[in-house]
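Visitor: The structure is given below, and queries will be raised subsequently.
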Amino acid sequence: MLRPLITLTTDFGRADHFVAVMKAVILSLCPKAAIVDISHETPAFDITEGAFILAEAYRWFPKKTIHVAVIDPGVGAARRPILLEAAGQYFLAPDNGLLTLVCRREKHRAREVASERFFLKPVSQTFHGRDVFAPCAAHLANGTPPGRFGKLINDHFRLFIPEPAQTGKRVWTGAVLKIDRFGNLITNFPFEEFQRISARPFEMAVGMEKVTRLARNYAEGATGEVFLIAGSSGYLEVAANQASAAKLLGCGVGAPAELTIW
Amino acid sequence: MLRPLITLTTDFGRADHFVAVMKAVILSLCPKAAIVDISHETPAFDITEGAFILAEAYRWFPKKTIHVAVIDPGVGAARRPILLEAAGQYFLAPDNGLLTLVCRREKHRAREVASERFFLKPVSQTFHGRDVFAPCAAHLANGTPPGRFGKLINDHFRLFIPEPAQTGKRVWTGAVLKIDRFGNLITNFPFEEFQRISARPFEMAVGMEKVTRLARNYAEGATGEVFLIAGSSGYLEVAANQASAAKLLGCGVGAPAELTIW
Amino acid sequence: MLRPLITLTTDFGRADHFVAVMKAVILSLCPKAAIVDISHETPAFDITEGAFILAEAYRWFPKKTIHVAVIDPGVGAARRPILLEAAGQYFLAPDNGLLTLVCRREKHRAREVASERFFLKPVSQTFHGRDVFAPCAAHLANGTPPGRFGKLINDHFRLFIPEPAQTGKRVWTGAVLKIDRFGNLITNFPFEEFQRISARPFEMAVGMEKVTRLARNYAEGATGEVFLIAGSSGYLEVAANQASAAKLLGCGVGAPAELTIW
């Protein structure tokens, strides 16, 4: 019999006890669960970054995986916990937009998690990761059907996460979605939709630079050169060879990226 | 049959090989163990912070969990390794005060770990996490009874970790125990003992500020406002809404917190 | 039946989705695998540091452990993936020198990993951790014999990682291999070969300091004193008591260490 698989995505960091406490609650209720950390290092309160990381990770997990995501500045206030079924997997998160990209990509059903019998009591005002999300994940892993957690809803919250828009005859304006550990700027241009840059002259203006070359791999780049690459997430990335493109260009998440194709 | 559960709390960081080596030793001796990291990111040599994090985490783990804590500036010198039984769980640590808060909260029995037959040989002078604590945890997980590790002792070392003291007719003086990733200042005032601040005017002087409001959740706070909250650890916390109270107040661990209740 | 054990050593950091995606791929193909992180925090592109950390960790793992190491600035370019059998364990890595120290220490057989049927398709140009190394590790864990991955090779790449050389009648010149989290400078002097410094006067010149004492443990050191110690890796380390020797000496990885023994 397979172990249920539960993932965690939070902004709790790894220095404090918070992540371990969530794991303790899960393993107390569902001792056979296997738990995988996706990330606990997103900047504090950065729901957009969390949404991106979770969206990049979930699709590689097997069916029935239970993803718990807790970046939750509104904890204890009015926002609801939700349970999403999408891509044959489950997602538990506060209803604050963390699941926006999963919802954009996948057919899904959302529920408000309202059945307090699955919560730890008393529910604290500041740590629903421990009191709400971890125990619900464990109960789901133990076989509780999704319908038992609460009613279907349609008005779950979506973040505005921009997609590239055509802003001129030959011009599309997009943005930097994420900077990874290596300083690669992951843009919101899906490579599949812009594949023609492989065959035609183009220019991407980002930060102080105009990037005009699409490389096949990092090692192709000359020292100090900034180039585009078809990234592993499916997006165009602005990259450099063994250097941080983000530092070379001096720009960060949200910076505009303007693509002109001739 | 359940997997034995072993947790690790160290100041080893995650960049070096030390934590993985401890896991390798455990899994070599007890292949079915499940290992959970509590924290490896406490400041180097900071026994008090380790004691706090472990004390916040252990109570959420199931009975029979084996907690291994290694913040150990005295490694190789005279300090003994100890094994504590408390709350139906086990704790292995150097006898340097790391288990102070567990001992304060729980009825417990302590033993000196003296049976060298459970150690890896030769025992190094600098890495008892690998040579002493990891193998003892694995043997315990495999069912070796605690009595086989060594004799009961009563003189295990306790750190001085302060509790709030009444220092005036309406005044209690406590301290900041811990700053979490979000910049919340966790004080040593147990909310349960000071619940009356929910109903009466009060003032907590900490750093440069006097805090006079108890909020129910972070989202209630105005921008830049510093307030008190009943934290998830059971202590009063000085917090801010999506901002670091520690930065706003310019103070750190050990800072005095003076509570006046009218 | 035992769970197959797979370790991961990368320079991916823990903030992004990369490590979790590798785990997702492994667990999708081999759900019963236990995965242990060795380190994901080596400096980006630092193959030498990765080689050191892996070499320090692998020997403590049980037979048949599968080590996956991905520090891979040449990803997508000409370098091959390789599979090494050594010490009864398996090692998957790009052929860029990451396995240099394993090869130096152990009798081994190396293969080029050429059988694309074990890869995820399409293979990206930038994330072979996901598309090549993780799935190959899972297939190996599932029992695919090493010979199925590709042919034996003898020309796998080795890094130059220096060993101490005798450079005078009483003088050996070595180097700092690694600085650990505590600021200890791990040199490349194997204690076993230089044990006579326990009994004879010596001097190690490193950074701005001449170190003349071999301590038995950290606690023996006076405040601000820098001393040698027989480190847990088997190398001589330059250390300080509850302080960073690296900061006290102002030197880093690669710094020369010159040992004179009278």
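Within each chain, counting starts at residue 1; across the structure tokens, chains are named A, B, ... in the order shown, with ligands numbered 1 upward in that order.
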Hey, what's within 10 Å of Ala86 (chain A) if we count only C-alpha atoms and toss same-chain stuff fewer than 5 positions away? As an MDAnalysis selection string, please?

Guide: chainID A and resid 63:64 91 102:103 105:110

Visitor: Could you please tell me, as a list in words, which residues of chain C have an atom within 8 Å of chain A when using only C-alpha atoms?

Guide: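 On the chain C side, the interface is Phe12, Gly13, Arg14, Ala15, Asp16, His17, Phe18, Val19, Ala20, Val21, Lys23, Ala24, Val25, Leu27, Ser28, Pro31, Lys32, Ala44, Phe45, Pro73, Gly74, Val75, Gly76, Ala77, Ser124, Gln125, Thr126 and Phe127 of chain C.
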
Visitor: Just asking: which residues within region 207-250 of chain B are strand (DSSP E) according to DSSP, as a list of chain:residue names?

Guide: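 Strand (DSSP E) members of region 207-250 of chain B, listed: B:Glu209, B:Lys210, B:Val211, B:Leu214, B:Ala215, B:Val226, B:Phe227, B:Leu228, B:Ile229, B:Ala230, B:Tyr235, B:Leu236, B:Glu237, B:Val238, B:Ala239, B:Ala240.
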
Visitor: Please produce a file of the residues just selected, as a PDB file, in the first residue's frame, where the atoms kept are N, CA, C and O atoms.

Guide:
```pdb
ATOM      1  N   GLU B 209       9.436  51.597  22.457  1.00  0.00           N
ATOM      2  CA  GLU B 209       7.993  51.787  22.254  1.00  0.00           C
ATOM      3  C   GLU B 209       7.210  51.355  23.488  1.00  0.00           C
ATOM      4  O   GLU B 209       7.657  50.511  24.259  1.00  0.00           O
ATOM      5  N   LYS B 210       6.041  51.933  23.640  1.00  0.00           N
ATOM      6  CA  LYS B 210       5.085  51.430  24.622  1.00  0.00           C
ATOM      7  C   LYS B 210       3.898  50.875  23.848  1.00  0.00           C
ATOM      8  O   LYS B 210       3.227  51.611  23.127  1.00  0.00           O
ATOM      9  N   VAL B 211       3.645  49.595  24.010  1.00  0.00           N
ATOM     10  CA  VAL B 211       2.579  48.923  23.265  1.00  0.00           C
ATOM     11  C   VAL B 211       1.350  48.859  24.159  1.00  0.00           C
ATOM     12  O   VAL B 211       1.454  48.457  25.323  1.00  0.00           O
ATOM     13  N   LEU B 214      -3.986  44.972  22.475  1.00  0.00           N
ATOM     14  CA  LEU B 214      -3.947  43.535  22.225  1.00  0.00           C
ATOM     15  C   LEU B 214      -4.813  43.267  21.001  1.00  0.00           C
ATOM     16  O   LEU B 214      -6.025  43.504  21.033  1.00  0.00           O
ATOM     17  N   ALA B 215      -4.216  42.791  19.913  1.00  0.00           N
ATOM     18  CA  ALA B 215      -4.982  42.524  18.690  1.00  0.00           C
ATOM     19  C   ALA B 215      -5.373  41.050  18.644  1.00  0.00           C
ATOM     20  O   ALA B 215      -4.753  40.212  19.309  1.00  0.00           O
ATOM     21  N   VAL B 226       2.588  48.710  16.133  1.00  0.00           N
ATOM     22  CA  VAL B 226       3.109  47.570  16.882  1.00  0.00           C
ATOM     23  C   VAL B 226       2.093  47.244  17.981  1.00  0.00           C
ATOM     24  O   VAL B 226       1.612  48.133  18.666  1.00  0.00           O
ATOM     25  N   PHE B 227       1.734  45.969  18.081  1.00  0.00           N
ATOM     26  CA  PHE B 227       0.677  45.577  19.027  1.00  0.00           C
ATOM     27  C   PHE B 227       1.054  44.260  19.682  1.00  0.00           C
ATOM     28  O   PHE B 227       2.016  43.598  19.272  1.00  0.00           O
ATOM     29  N   LEU B 228       0.303  43.877  20.705  1.00  0.00           N
ATOM     30  CA  LEU B 228       0.475  42.560  21.315  1.00  0.00           C
ATOM     31  C   LEU B 228      -0.512  41.586  20.701  1.00  0.00           C
ATOM     32  O   LEU B 228      -1.572  41.975  20.206  1.00  0.00           O
ATOM     33  N   ILE B 229      -0.163  40.311  20.747  1.00  0.00           N
ATOM     34  CA  ILE B 229      -1.044  39.269  20.252  1.00  0.00           C
ATOM     35  C   ILE B 229      -0.787  38.020  21.105  1.00  0.00           C
ATOM     36  O   ILE B 229       0.319  37.840  21.624  1.00  0.00           O
ATOM     37  N   ALA B 230      -1.829  37.212  21.290  1.00  0.00           N
ATOM     38  CA  ALA B 230      -1.642  35.937  21.989  1.00  0.00           C
ATOM     39  C   ALA B 230      -1.049  34.974  20.973  1.00  0.00           C
ATOM     40  O   ALA B 230      -1.729  34.495  20.072  1.00  0.00           O
ATOM     41  N   TYR B 235       2.636  32.348  24.396  1.00  0.00           N
ATOM     42  CA  TYR B 235       3.227  33.549  24.980  1.00  0.00           C
ATOM     43  C   TYR B 235       2.671  34.802  24.313  1.00  0.00           C
ATOM     44  O   TYR B 235       2.239  34.769  23.159  1.00  0.00           O
ATOM     45  N   LEU B 236       2.711  35.911  25.032  1.00  0.00           N
ATOM     46  CA  LEU B 236       2.420  37.198  24.406  1.00  0.00           C
ATOM     47  C   LEU B 236       3.525  37.528  23.412  1.00  0.00           C
ATOM     48  O   LEU B 236       4.712  37.373  23.711  1.00  0.00           O
ATOM     49  N   GLU B 237       3.107  37.958  22.227  1.00  0.00           N
ATOM     50  CA  GLU B 237       4.076  38.368  21.211  1.00  0.00           C
ATOM     51  C   GLU B 237       3.863  39.835  20.868  1.00  0.00           C
ATOM     52  O   GLU B 237       2.726  40.303  20.821  1.00  0.00           O
ATOM     53  N   VAL B 238       4.961  40.514  20.597  1.00  0.00           N
ATOM     54  CA  VAL B 238       4.896  41.867  20.072  1.00  0.00           C
ATOM     55  C   VAL B 238       4.997  41.740  18.561  1.00  0.00           C
ATOM     56  O   VAL B 238       5.957  41.153  18.053  1.00  0.00           O
ATOM     57  N   ALA B 239       3.980  42.236  17.845  1.00  0.00           N
ATOM     58  CA  ALA B 239       3.874  41.948  16.419  1.00  0.00           C
ATOM     59  C   ALA B 239       3.505  43.192  15.626  1.00  0.00           C
ATOM     60  O   ALA B 239       3.180  44.242  16.191  1.00  0.00           O
ATOM     61  N   ALA B 240       3.581  43.055  14.305  1.00  0.00           N
ATOM     62  CA  ALA B 240       3.146  44.119  13.395  1.00  0.00           C
ATOM     63  C   ALA B 240       2.502  43.448  12.196  1.00  0.00           C
ATOM     64  O   ALA B 240       2.725  42.267  11.947  1.00  0.00           O
TER      65      ALA B 240
END
```

Visitor: Interatomic distance between CA of Thr223 (chain A) and CA of Leu248 (chain A)?

Guide: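 Computing it gives 11.2 Å between the two atoms.
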
Visitor: Counting only C-alpha atoms, what is within 6 Å of region 117-119 of chain B, bar same-chain residues fewer than 4 positions away, as a PyMOL selection string?

Guide: chain B and resi 131-132+136

Visitor: Please save C-alpha atoms of the selected residues as a PDB file, in the first residue's frame.

Guide:
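This is the output file again03.pdb:
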```
ATOM      1  CA  ASP B 131      29.417   9.225  16.931  1.00  0.00           C
ATOM      2  CA  VAL B 132      27.215   9.333  20.046  1.00  0.00           C
ATOM      3  CA  CYS B 136      22.056   6.019  20.412  1.00  0.00           C
TER       4      CYS B 136
END
```

Visitor: Neighbouring residues of region 164-173 of chain C were defined as those with any atom within 8 Å, considering only C-alpha atoms; residues of the same chain fewer than 3 positions away were excluded. Please report them as a list of chain:residue names.

Guide: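 Non-adjacent residues within range: C:Asn188, C:Phe189, C:Pro256, C:Ala257, C:Glu258, C:Leu259, C:Thr260, C:Ile261, C:Trp262.
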
Visitor: Residues of the last selection are to be written out with N, CA and C atoms, as a compact mmCIF listing (two decimals), in the first residue's frame.

Guide:
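As written to disk, again-v5.txt reads:
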```
# COMPACT_ATOMS: atom_id res chain seq x y z
N ASN C 188 43.57 20.37 3.87
CA ASN C 188 43.72 19.08 3.20
C ASN C 188 44.82 18.21 3.82
N PHE C 189 45.23 18.52 5.06
CA PHE C 189 46.21 17.67 5.75
C PHE C 189 45.49 16.53 6.46
N PRO C 256 46.48 29.12 1.22
CA PRO C 256 47.55 28.16 1.50
C PRO C 256 47.72 27.94 3.00
N ALA C 257 48.11 26.74 3.37
CA ALA C 257 48.39 26.39 4.76
C ALA C 257 49.74 25.69 4.76
N GLU C 258 50.69 26.27 5.46
CA GLU C 258 52.06 25.74 5.41
C GLU C 258 52.44 25.20 6.77
N LEU C 259 52.72 23.92 6.80
CA LEU C 259 53.00 23.24 8.06
C LEU C 259 54.49 22.94 8.19
N THR C 260 55.08 23.42 9.28
CA THR C 260 56.48 23.12 9.59
C THR C 260 56.51 22.26 10.86
N ILE C 261 57.24 21.15 10.80
CA ILE C 261 57.34 20.27 11.98
C ILE C 261 58.80 20.13 12.35
N TRP C 262 59.12 20.41 13.61
CA TRP C 262 60.53 20.32 14.03
C TRP C 262 60.87 18.98 14.66
```

Visitor: What does the distance between CA of Val68 (chain C) and CA of Ala134 (chain C) come to in Å, to one decimal place?

Guide: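 CA of Ala134 (chain C) lies at a distance of 7.5 Å from CA of Val68 (chain C).
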
Visitor: Can you pull out every residue from region 49-251 of chain C that DSSP, working from the backbone, puts in alpha helix (DSSP H), and format the result as number ranges by chain?

Guide: C: 49-58, 100-105, 128, 134-141, 245-249
